[in-house]
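Trainee: Here's a structure for you.
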Amino acid sequence: MKQKLFIDGEWVSPVRGGTFPVVNPATEEVIHQAPAGTAEDIDLAVKAARRAFDTGPWPRLSGSERAKYLRAIAARLNERKHELGRLEVIDNGKPLPEAVWDIEDTAGCFSYYADLAEELDRNPEEIIALAEPRFSSKVVREPIGVAGAIIPWNYPLLMASWKVAPALAAGCTMVLKPSELTPLTALELAGIAEEVGLPAGVLNVVTGLGPDAGQPLSEHPGVDKLAFTGSVPTGARIMAAAARDIKNVSLELGGKSPFVVFADSDIEKAVEWIMFGIFWNQGQVCSATSRVLVEESLYPALMERLVAETAKIRIGDGLSDGTLLGPLVSRGQYEKVLGMIERGRAEGAKVAFGGKRPAGLDTGYFLEPTILTDMNEDNFVWREEIFGPVVCVKTFMDEADAVRMANDSRFGLAAAVMSKDKARCERVARAFRAGIVWINCSQPTFTEAPWGGYKQSGIGRELGRWGLSNYLETKQITSFNSEEPWGWYIK
Ligand code: NAD
């Protein structure tokens with residue numbers, strides 16, 4: 001485990017020399033002291049990224065030259081996926097197979113953006129048709145400059161790749177600030193960048209606390225673009241900080257995503273996707289379908305099967321064979337989620353399953369998978385993101401009712417619908433006010449498709465070609481081609 005920050009191609013101790021503890025959420029043991037970067041380190045990192053962008057080779061390389069580095073990073077990630085997966089487990093708590101899957105996805109993200117970097121060479125400019133025959137115009141795409149990335153703890157390395165890979169593909173340089181709850185693998189990524197010979201200053205990784213390292217990054221005048229994933233309140237702070245210098249900003253924030261299940265659905269499939277939609281990664285997924293809306297006639301049978309299958313989920317240390325639900329990421333998150341369940345109950349919700357520490361797991365931030373029912377639409381648990389393995393289930397009368405309830409949220413990240421009636425699925429998919437819609441499933445995420453939310457779930461889209469556009473400026477180059485004088489002042 002790395003003990004230094006990675007700035008300008010060098011491993012350096014934080015200027016103020018501080019550290020912060022990294023806790024294994026399954027054992028509550030301190031497993032590492034990570035370097036606590038502060039404003040001084042952020043300043044050094046941004047200046048290094050600035051130099052690498054303004055005078056270094058990186059933005060001037062062809063896309064296919066940059067792609068070679070991205071592919072080399074992908075190859076190393078794949079080679080080390082089991083080791084990096086284990087690091088994610090002791091840092092974040094998730095079950096090992098999920099963590100290894102995350103690392104494979106992370107490698108896939110670097111490979112995908114290597115392809116898009118090559119594509120930039122194939123399409124270096126776009127000719128714009130003008131109505132004025134004396135002029136010609138074309139558009140070129142150029143890297144925005146220095147990007148600052150601030151990321152959360154739920155998918156530590158994968159969330160880094162969603163920002164680092166497209167930024168590097170575009171020719172930007174970057175300062176990455178991982179979550180203080182999960183700093184380990186971002187520093188390993190820096191090690192991989194060093195191994196593959198990424199030019200100094202192109203990727204800088206500064207671990208540290210949000211107010212100490214994240215805030216100075218969001219406020220630094222040397223940063224051209226901020227890319228953030230995390231909570232709405234922090235997103236609002238970052239946007240306010242970005243406003244001062246008119247930095248380009250993209251935000252991936254929270255959600256309270258609905259899953260509408262019509263009565264003609266296959267119950268077994270519905271139960272499986274409902275569970276995957278909320279218990280995968282302990283429900284710590286921004287797009288988790290945490291509000292399930294079931295057509296009234298299906299409700300009793302579906303609830304019986306959902307409770308029965310949920311009761312079978314094996315809870316334990318993410319490193320133990322067969323674990324399907326690990327601990328929550330931290331004591332803070334654990335207490336927050338328990339408090340939310342209590343508040344939901346006080347406001348009238350019933351616990352159909354779970355809601356407490358599992359028997360026999362006295363250490364670690366373990367929580368039973370939890371199913372809440374019978375809440376009103378104004379219940380706190382129905383409206384607010386819990387970010388834990390807690391699903392709220394309600395019934396609906398008809399399609400219009402379902403769509404109204406689904407859209408009645410300040411969030412709009414994702415939504416899902418299940419029915420055997422394809423036309424109905426399509427209709428409801430269009431009616432959802434959300435950036436990601438799943439039909440007959442919930443959560444599968446593909447690097448090629450855009451990711452992001454409506455309303456308070458964020459601004460902009462990551463992944464796919466939209467993710468690359470986040471890091472590209474659009475420049476028009478217009479020429480006057482006529483031999484005739486312009487003739488406005490001088491006739
Ligand atoms: P957070 O918003 O507090 O932290 C996210 C990142 O922002 C971390 O790297 C953190 O250090 C940094 N940060 C914190 N304060 C900052 C500041 N003032 N300026 C700049 N950066 C700052 O979120 P969290 O504590 O990681 O999680 C809390 C909540 O965020 C969750 O309960 C959930 O609601 C939401 N969340 C959403 C997603 C998502 O993918 N949409 C992911 C993780 C968490």
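Residues are named by chain letter and number: chains run A, B, ... in the order of the structure tokens, numbers start at 1 in each chain, and ligands are numbered from 1 in the order shown.
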Please give me, as a ChimeraX atom specification, the residues lying within 7 Å of ligand 1 when counting only C-alpha atoms and all ligand atoms.
Mentor: /A:150-154,177-180,208-211,214-215,218,229-235,237-238,252-255,285-286,333,385-387
Trainee: Can you pull out every residue within 7 Å of segment 444-456 of chain A, counting only C-alpha atoms, but drop anything in the same chain fewer than 5 positions away, and send it as a compact mmCIF listing (two decimals) with N, CA, C and O atoms, in the first residue's frame?
Mentor:
```txt
# COMPACT_ATOMS: atom_id res chain seq x y z
N CYS A 109 -12.72 0.23 -19.52
CA CYS A 109 -12.93 1.67 -19.73
C CYS A 109 -11.69 2.30 -20.37
O CYS A 109 -11.79 3.10 -21.31
N GLU A 252 -21.98 14.12 -11.25
CA GLU A 252 -22.78 12.88 -11.15
C GLU A 252 -23.17 12.77 -9.69
O GLU A 252 -22.31 12.49 -8.84
N ARG A 410 -36.92 14.65 -6.48
CA ARG A 410 -36.00 15.71 -6.92
C ARG A 410 -34.85 15.13 -7.71
O ARG A 410 -34.06 15.83 -8.33
N PHE A 411 -34.70 13.79 -7.65
CA PHE A 411 -33.64 13.12 -8.41
C PHE A 411 -34.17 12.62 -9.75
O PHE A 411 -35.38 12.47 -9.92
N GLY A 412 -33.26 12.30 -10.64
CA GLY A 412 -33.65 11.74 -11.94
C GLY A 412 -32.49 11.02 -12.58
O GLY A 412 -32.18 11.23 -13.75
N LEU A 413 -31.81 10.17 -11.77
CA LEU A 413 -30.65 9.50 -12.35
C LEU A 413 -31.08 8.31 -13.20
O LEU A 413 -30.79 8.25 -14.39
N ARG A 433 -38.59 10.64 -16.15
CA ARG A 433 -37.71 11.82 -16.19
C ARG A 433 -36.39 11.39 -15.55
O ARG A 433 -36.11 11.67 -14.39
N ALA A 434 -35.60 10.64 -16.31
CA ALA A 434 -34.34 10.11 -15.79
C ALA A 434 -33.37 9.90 -16.94
O ALA A 434 -33.78 9.65 -18.07
N GLY A 435 -32.09 9.98 -16.63
CA GLY A 435 -31.06 9.88 -17.67
C GLY A 435 -30.72 8.46 -18.08
O GLY A 435 -30.13 8.24 -19.14
N ILE A 436 -31.05 7.49 -17.22
CA ILE A 436 -30.72 6.08 -17.52
C ILE A 436 -31.99 5.28 -17.28
O ILE A 436 -32.56 5.33 -16.18
N ARG A 461 -22.95 14.16 -19.00
CA ARG A 461 -22.95 12.71 -19.13
C ARG A 461 -21.53 12.19 -19.15
O ARG A 461 -20.65 12.78 -19.81
N GLU A 462 -21.31 11.06 -18.45
CA GLU A 462 -20.03 10.37 -18.56
C GLU A 462 -20.23 9.16 -19.46
O GLU A 462 -21.31 8.86 -19.92
N LEU A 463 -19.13 8.46 -19.70
CA LEU A 463 -19.10 7.24 -20.52
C LEU A 463 -19.46 7.55 -21.99
O LEU A 463 -19.94 8.62 -22.34
N GLY A 464 -19.15 6.57 -22.83
CA GLY A 464 -19.44 6.71 -24.25
C GLY A 464 -18.70 7.90 -24.85
O GLY A 464 -17.77 8.45 -24.26
N TRP A 466 -19.94 10.72 -25.08
CA TRP A 466 -20.30 11.88 -24.24
C TRP A 466 -19.24 12.09 -23.19
O TRP A 466 -18.92 13.22 -22.84
```
Trainee: Could you check how far atom CA of Ala200 of chain A sits from atom CA of Lys47 of chain A, in Å to one decimal?
Mentor: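 Between these atoms lies a distance of 11.6 Å.
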Trainee: List the neighbours of Phe279 of chain A out to 8 Å using only C-alpha atoms; skip same-chain residues closer than 5 positions along the sequence, and give me the result as a ChimeraX atom specification.
Mentor: /A:325,369,388-390
Trainee: Output the selection as a short mmCIF file (atom, residue, chain, number, x, y, z; two decimals), in the first residue's frame - all heavy atoms for each residue.
Mentor:
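again30.cif written:
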```
data_model
loop_
_atom_site.label_atom_id
_atom_site.label_comp_id
_atom_site.auth_asym_id
_atom_site.auth_seq_id
_atom_site.Cartn_x
_atom_site.Cartn_y
_atom_site.Cartn_z
N LEU A 325 -23.25 -10.08 0.28
CA LEU A 325 -23.47 -8.75 0.85
C LEU A 325 -22.38 -8.49 1.88
O LEU A 325 -22.30 -9.21 2.89
CB LEU A 325 -24.85 -8.66 1.50
CG LEU A 325 -25.31 -7.25 1.86
CD1 LEU A 325 -25.96 -6.57 0.67
CD2 LEU A 325 -26.30 -7.27 3.01
N PRO A 369 -29.89 -7.07 4.60
CA PRO A 369 -30.63 -6.47 3.48
C PRO A 369 -32.03 -6.16 3.98
O PRO A 369 -32.63 -6.98 4.69
CB PRO A 369 -30.62 -7.58 2.42
CG PRO A 369 -30.35 -8.84 3.16
CD PRO A 369 -29.55 -8.47 4.37
N GLY A 388 -27.70 2.48 0.89
CA GLY A 388 -27.44 1.25 1.62
C GLY A 388 -28.39 0.18 1.07
O GLY A 388 -29.21 0.47 0.19
N PRO A 389 -28.31 -1.06 1.62
CA PRO A 389 -29.13 -2.15 1.09
C PRO A 389 -30.56 -2.09 1.60
O PRO A 389 -31.02 -2.98 2.31
CB PRO A 389 -28.39 -3.39 1.60
CG PRO A 389 -27.77 -2.95 2.88
CD PRO A 389 -27.43 -1.50 2.72
N VAL A 390 -31.24 -1.01 1.28
CA VAL A 390 -32.58 -0.75 1.82
C VAL A 390 -33.53 -0.41 0.67
O VAL A 390 -33.33 0.61 0.00
CB VAL A 390 -32.54 0.42 2.83
CG1 VAL A 390 -33.93 0.65 3.43
CG2 VAL A 390 -31.50 0.19 3.91
#
```
Trainee: At a cut-off of 8 Å, using only C-alpha atoms, what residues contact Tyr69 of chain A? Leave out same-chain residues fewer than 5 positions from it and give the result as a PDB file with N, CA and C atoms, in the first residue's frame.
Mentor:
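Output below, filename part-v8.pdb:
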```
ATOM      1  N   VAL A 196       3.944   2.502 -16.911  1.00  0.00           N
ATOM      2  CA  VAL A 196       3.785   2.521 -18.375  1.00  0.00           C
ATOM      3  C   VAL A 196       4.442   3.753 -18.987  1.00  0.00           C
ATOM      4  N   GLY A 197       5.064   4.570 -18.147  1.00  0.00           N
ATOM      5  CA  GLY A 197       5.839   5.710 -18.648  1.00  0.00           C
ATOM      6  C   GLY A 197       5.024   6.921 -19.047  1.00  0.00           C
ATOM      7  N   LEU A 198       3.857   7.081 -18.428  1.00  0.00           N
ATOM      8  CA  LEU A 198       3.053   8.278 -18.705  1.00  0.00           C
ATOM      9  C   LEU A 198       3.912   9.503 -18.385  1.00  0.00           C
TER      10      LEU A 198
END
```
Trainee: Hey, can you check how far atom CA of Pro25 of chain A sits from atom CA of Trp280 of chain A?
Mentor: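 Calculated distance between atom CA of Pro25 of chain A and atom CA of Trp280 of chain A is 16.5 Å.
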Trainee: Counting only C-alpha atoms, figure out which residue out of A:Thr363, A:Ser111, A:Asn92, A:Asn407 gets nearest to Ser64 of chain A.
Mentor: A:Ser111
Trainee: Report as a list in words all protein, DNA and RNA residues lying within 9 Å of Ala72 of chain A, evaluated on only C-alpha atoms, omitting residues in the same chain fewer than 2 positions from it.
Mentor: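 Those residues are Ala67, Lys68, Tyr69, Leu70, Ala74, Ala75, Arg76, Leu77, Phe110, Ser111, Ile192, Ala193 and Val196 of chain A.
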Trainee: Please save N, CA and C atoms of the selected residues as a PDB file, in the first residue's frame.
Mentor:
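So the final result, stored in out10.pdb, reads:
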```pdb
ATOM      1  N   ALA A  67      -3.340   6.590 -27.106  1.00  0.00           N
ATOM      2  CA  ALA A  67      -4.048   5.303 -26.946  1.00  0.00           C
ATOM      3  C   ALA A  67      -3.097   4.203 -26.490  1.00  0.00           C
ATOM      4  N   LYS A  68      -1.848   4.274 -26.921  1.00  0.00           N
ATOM      5  CA  LYS A  68      -0.884   3.225 -26.510  1.00  0.00           C
ATOM      6  C   LYS A  68      -0.727   3.203 -24.986  1.00  0.00           C
ATOM      7  N   TYR A  69      -0.664   4.377 -24.395  1.00  0.00           N
ATOM      8  CA  TYR A  69      -0.549   4.435 -22.923  1.00  0.00           C
ATOM      9  C   TYR A  69      -1.814   3.877 -22.259  1.00  0.00           C
ATOM     10  N   LEU A  70      -2.978   4.273 -22.820  1.00  0.00           N
ATOM     11  CA  LEU A  70      -4.238   3.812 -22.220  1.00  0.00           C
ATOM     12  C   LEU A  70      -4.341   2.292 -22.301  1.00  0.00           C
ATOM     13  N   ALA A  74      -4.596  -0.445 -19.302  1.00  0.00           N
ATOM     14  CA  ALA A  74      -5.644  -1.486 -19.277  1.00  0.00           C
ATOM     15  C   ALA A  74      -5.014  -2.866 -19.088  1.00  0.00           C
ATOM     16  N   ALA A  75      -3.929  -3.111 -19.781  1.00  0.00           N
ATOM     17  CA  ALA A  75      -3.288  -4.435 -19.698  1.00  0.00           C
ATOM     18  C   ALA A  75      -2.790  -4.698 -18.277  1.00  0.00           C
ATOM     19  N   ARG A  76      -2.176  -3.687 -17.672  1.00  0.00           N
ATOM     20  CA  ARG A  76      -1.662  -3.862 -16.293  1.00  0.00           C
ATOM     21  C   ARG A  76      -2.814  -4.071 -15.298  1.00  0.00           C
ATOM     22  N   LEU A  77      -3.897  -3.337 -15.515  1.00  0.00           N
ATOM     23  CA  LEU A  77      -5.062  -3.505 -14.622  1.00  0.00           C
ATOM     24  C   LEU A  77      -5.579  -4.933 -14.717  1.00  0.00           C
ATOM     25  N   PHE A 110     -10.501   1.916 -19.894  1.00  0.00           N
ATOM     26  CA  PHE A 110      -9.268   2.448 -20.506  1.00  0.00           C
ATOM     27  C   PHE A 110      -9.134   1.978 -21.959  1.00  0.00           C
ATOM     28  N   SER A 111      -9.488   0.715 -22.235  1.00  0.00           N
ATOM     29  CA  SER A 111      -9.397   0.213 -23.620  1.00  0.00           C
ATOM     30  C   SER A 111     -10.375   0.962 -24.525  1.00  0.00           C
ATOM     31  N   ILE A 192       0.691   2.458 -11.716  1.00  0.00           N
ATOM     32  CA  ILE A 192       0.595   1.875 -13.066  1.00  0.00           C
ATOM     33  C   ILE A 192       0.937   2.942 -14.120  1.00  0.00           C
ATOM     34  N   ALA A 193       0.451   4.161 -13.895  1.00  0.00           N
ATOM     35  CA  ALA A 193       0.771   5.259 -14.830  1.00  0.00           C
ATOM     36  C   ALA A 193       2.291   5.445 -14.908  1.00  0.00           C
ATOM     37  N   VAL A 196       3.944   2.502 -16.911  1.00  0.00           N
ATOM     38  CA  VAL A 196       3.785   2.521 -18.375  1.00  0.00           C
ATOM     39  C   VAL A 196       4.442   3.753 -18.987  1.00  0.00           C
TER      40      VAL A 196
END
```
Trainee: By how many Å are atom CA of Gly283 of chain A and atom CA of Glu342 of chain A apart?
Mentor: 17.5 Å
Trainee: Can you tell me which residues surround segment 89-91 of chain A at a distance of at most 9 Å, considering only C-alpha atoms, apart from same-chain residues fewer than 6 positions away, and format the answer as a PyMOL selection string?
Mentor: chain A and resi 22-27+31+98-99+153+156+181-185+317-319+326+329
Trainee: Could you write out the selected residues, including C-alpha atoms, as a compact mmCIF listing (two decimals), in the first residue's frame?
Mentor:
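Result written to out_0.txt:
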```txt
# COMPACT_ATOMS: atom_id res chain seq x y z
CA VAL A 22 -7.85 3.57 6.32
CA VAL A 23 -10.28 1.13 7.97
CA ASN A 24 -11.32 -2.31 6.76
CA PRO A 25 -15.12 -2.10 7.14
CA ALA A 26 -15.47 -5.87 7.67
CA THR A 27 -13.08 -5.96 10.65
CA ILE A 31 -5.12 -1.28 7.76
CA GLU A 98 -17.83 -7.76 -7.49
CA ALA A 99 -14.48 -6.09 -6.88
CA TRP A 153 -15.95 5.54 -2.42
CA PRO A 156 -13.12 3.48 -6.05
CA LEU A 181 -12.76 6.37 2.71
CA THR A 182 -11.16 4.43 -0.16
CA PRO A 183 -7.80 5.93 -1.18
CA LEU A 184 -5.82 2.72 -1.84
CA THR A 185 -6.42 1.80 -5.47
CA ASP A 317 -16.52 -10.37 4.88
CA GLY A 318 -16.11 -9.64 1.19
CA LEU A 319 -13.07 -11.93 1.15
CA GLY A 326 -20.49 -7.15 2.55
CA VAL A 329 -18.17 1.33 3.76
```
Trainee: Considering only C-alpha atoms, return as a PDB file with N, CA and C atoms, in the first residue's frame whatever protein or nucleic-acid residues lie within 6 Å of Lys225 of chain A, sequence-local ones (same chain, fewer than 2 positions apart) excluded.
Mentor:
```pdb
ATOM      1  N   ALA A 147      -7.711  19.008 -15.834  1.00  0.00           N
ATOM      2  CA  ALA A 147      -8.979  18.568 -15.238  1.00  0.00           C
ATOM      3  C   ALA A 147      -8.734  18.152 -13.793  1.00  0.00           C
ATOM      4  N   VAL A 223      -7.127  25.079 -12.614  1.00  0.00           N
ATOM      5  CA  VAL A 223      -7.942  23.961 -13.127  1.00  0.00           C
ATOM      6  C   VAL A 223      -8.954  24.507 -14.133  1.00  0.00           C
ATOM      7  N   LYS A 247     -15.326  27.679 -14.382  1.00  0.00           N
ATOM      8  CA  LYS A 247     -14.757  26.394 -14.802  1.00  0.00           C
ATOM      9  C   LYS A 247     -15.866  25.544 -15.397  1.00  0.00           C
ATOM     10  N   ASN A 248     -15.497  24.775 -16.399  1.00  0.00           N
ATOM     11  CA  ASN A 248     -16.412  23.772 -16.927  1.00  0.00           C
ATOM     12  C   ASN A 248     -16.634  22.707 -15.844  1.00  0.00           C
ATOM     13  N   VAL A 249     -17.857  22.295 -15.639  1.00  0.00           N
ATOM     14  CA  VAL A 249     -18.105  21.353 -14.548  1.00  0.00           C
ATOM     15  C   VAL A 249     -19.077  20.254 -14.982  1.00  0.00           C
TER      16      VAL A 249
END
```
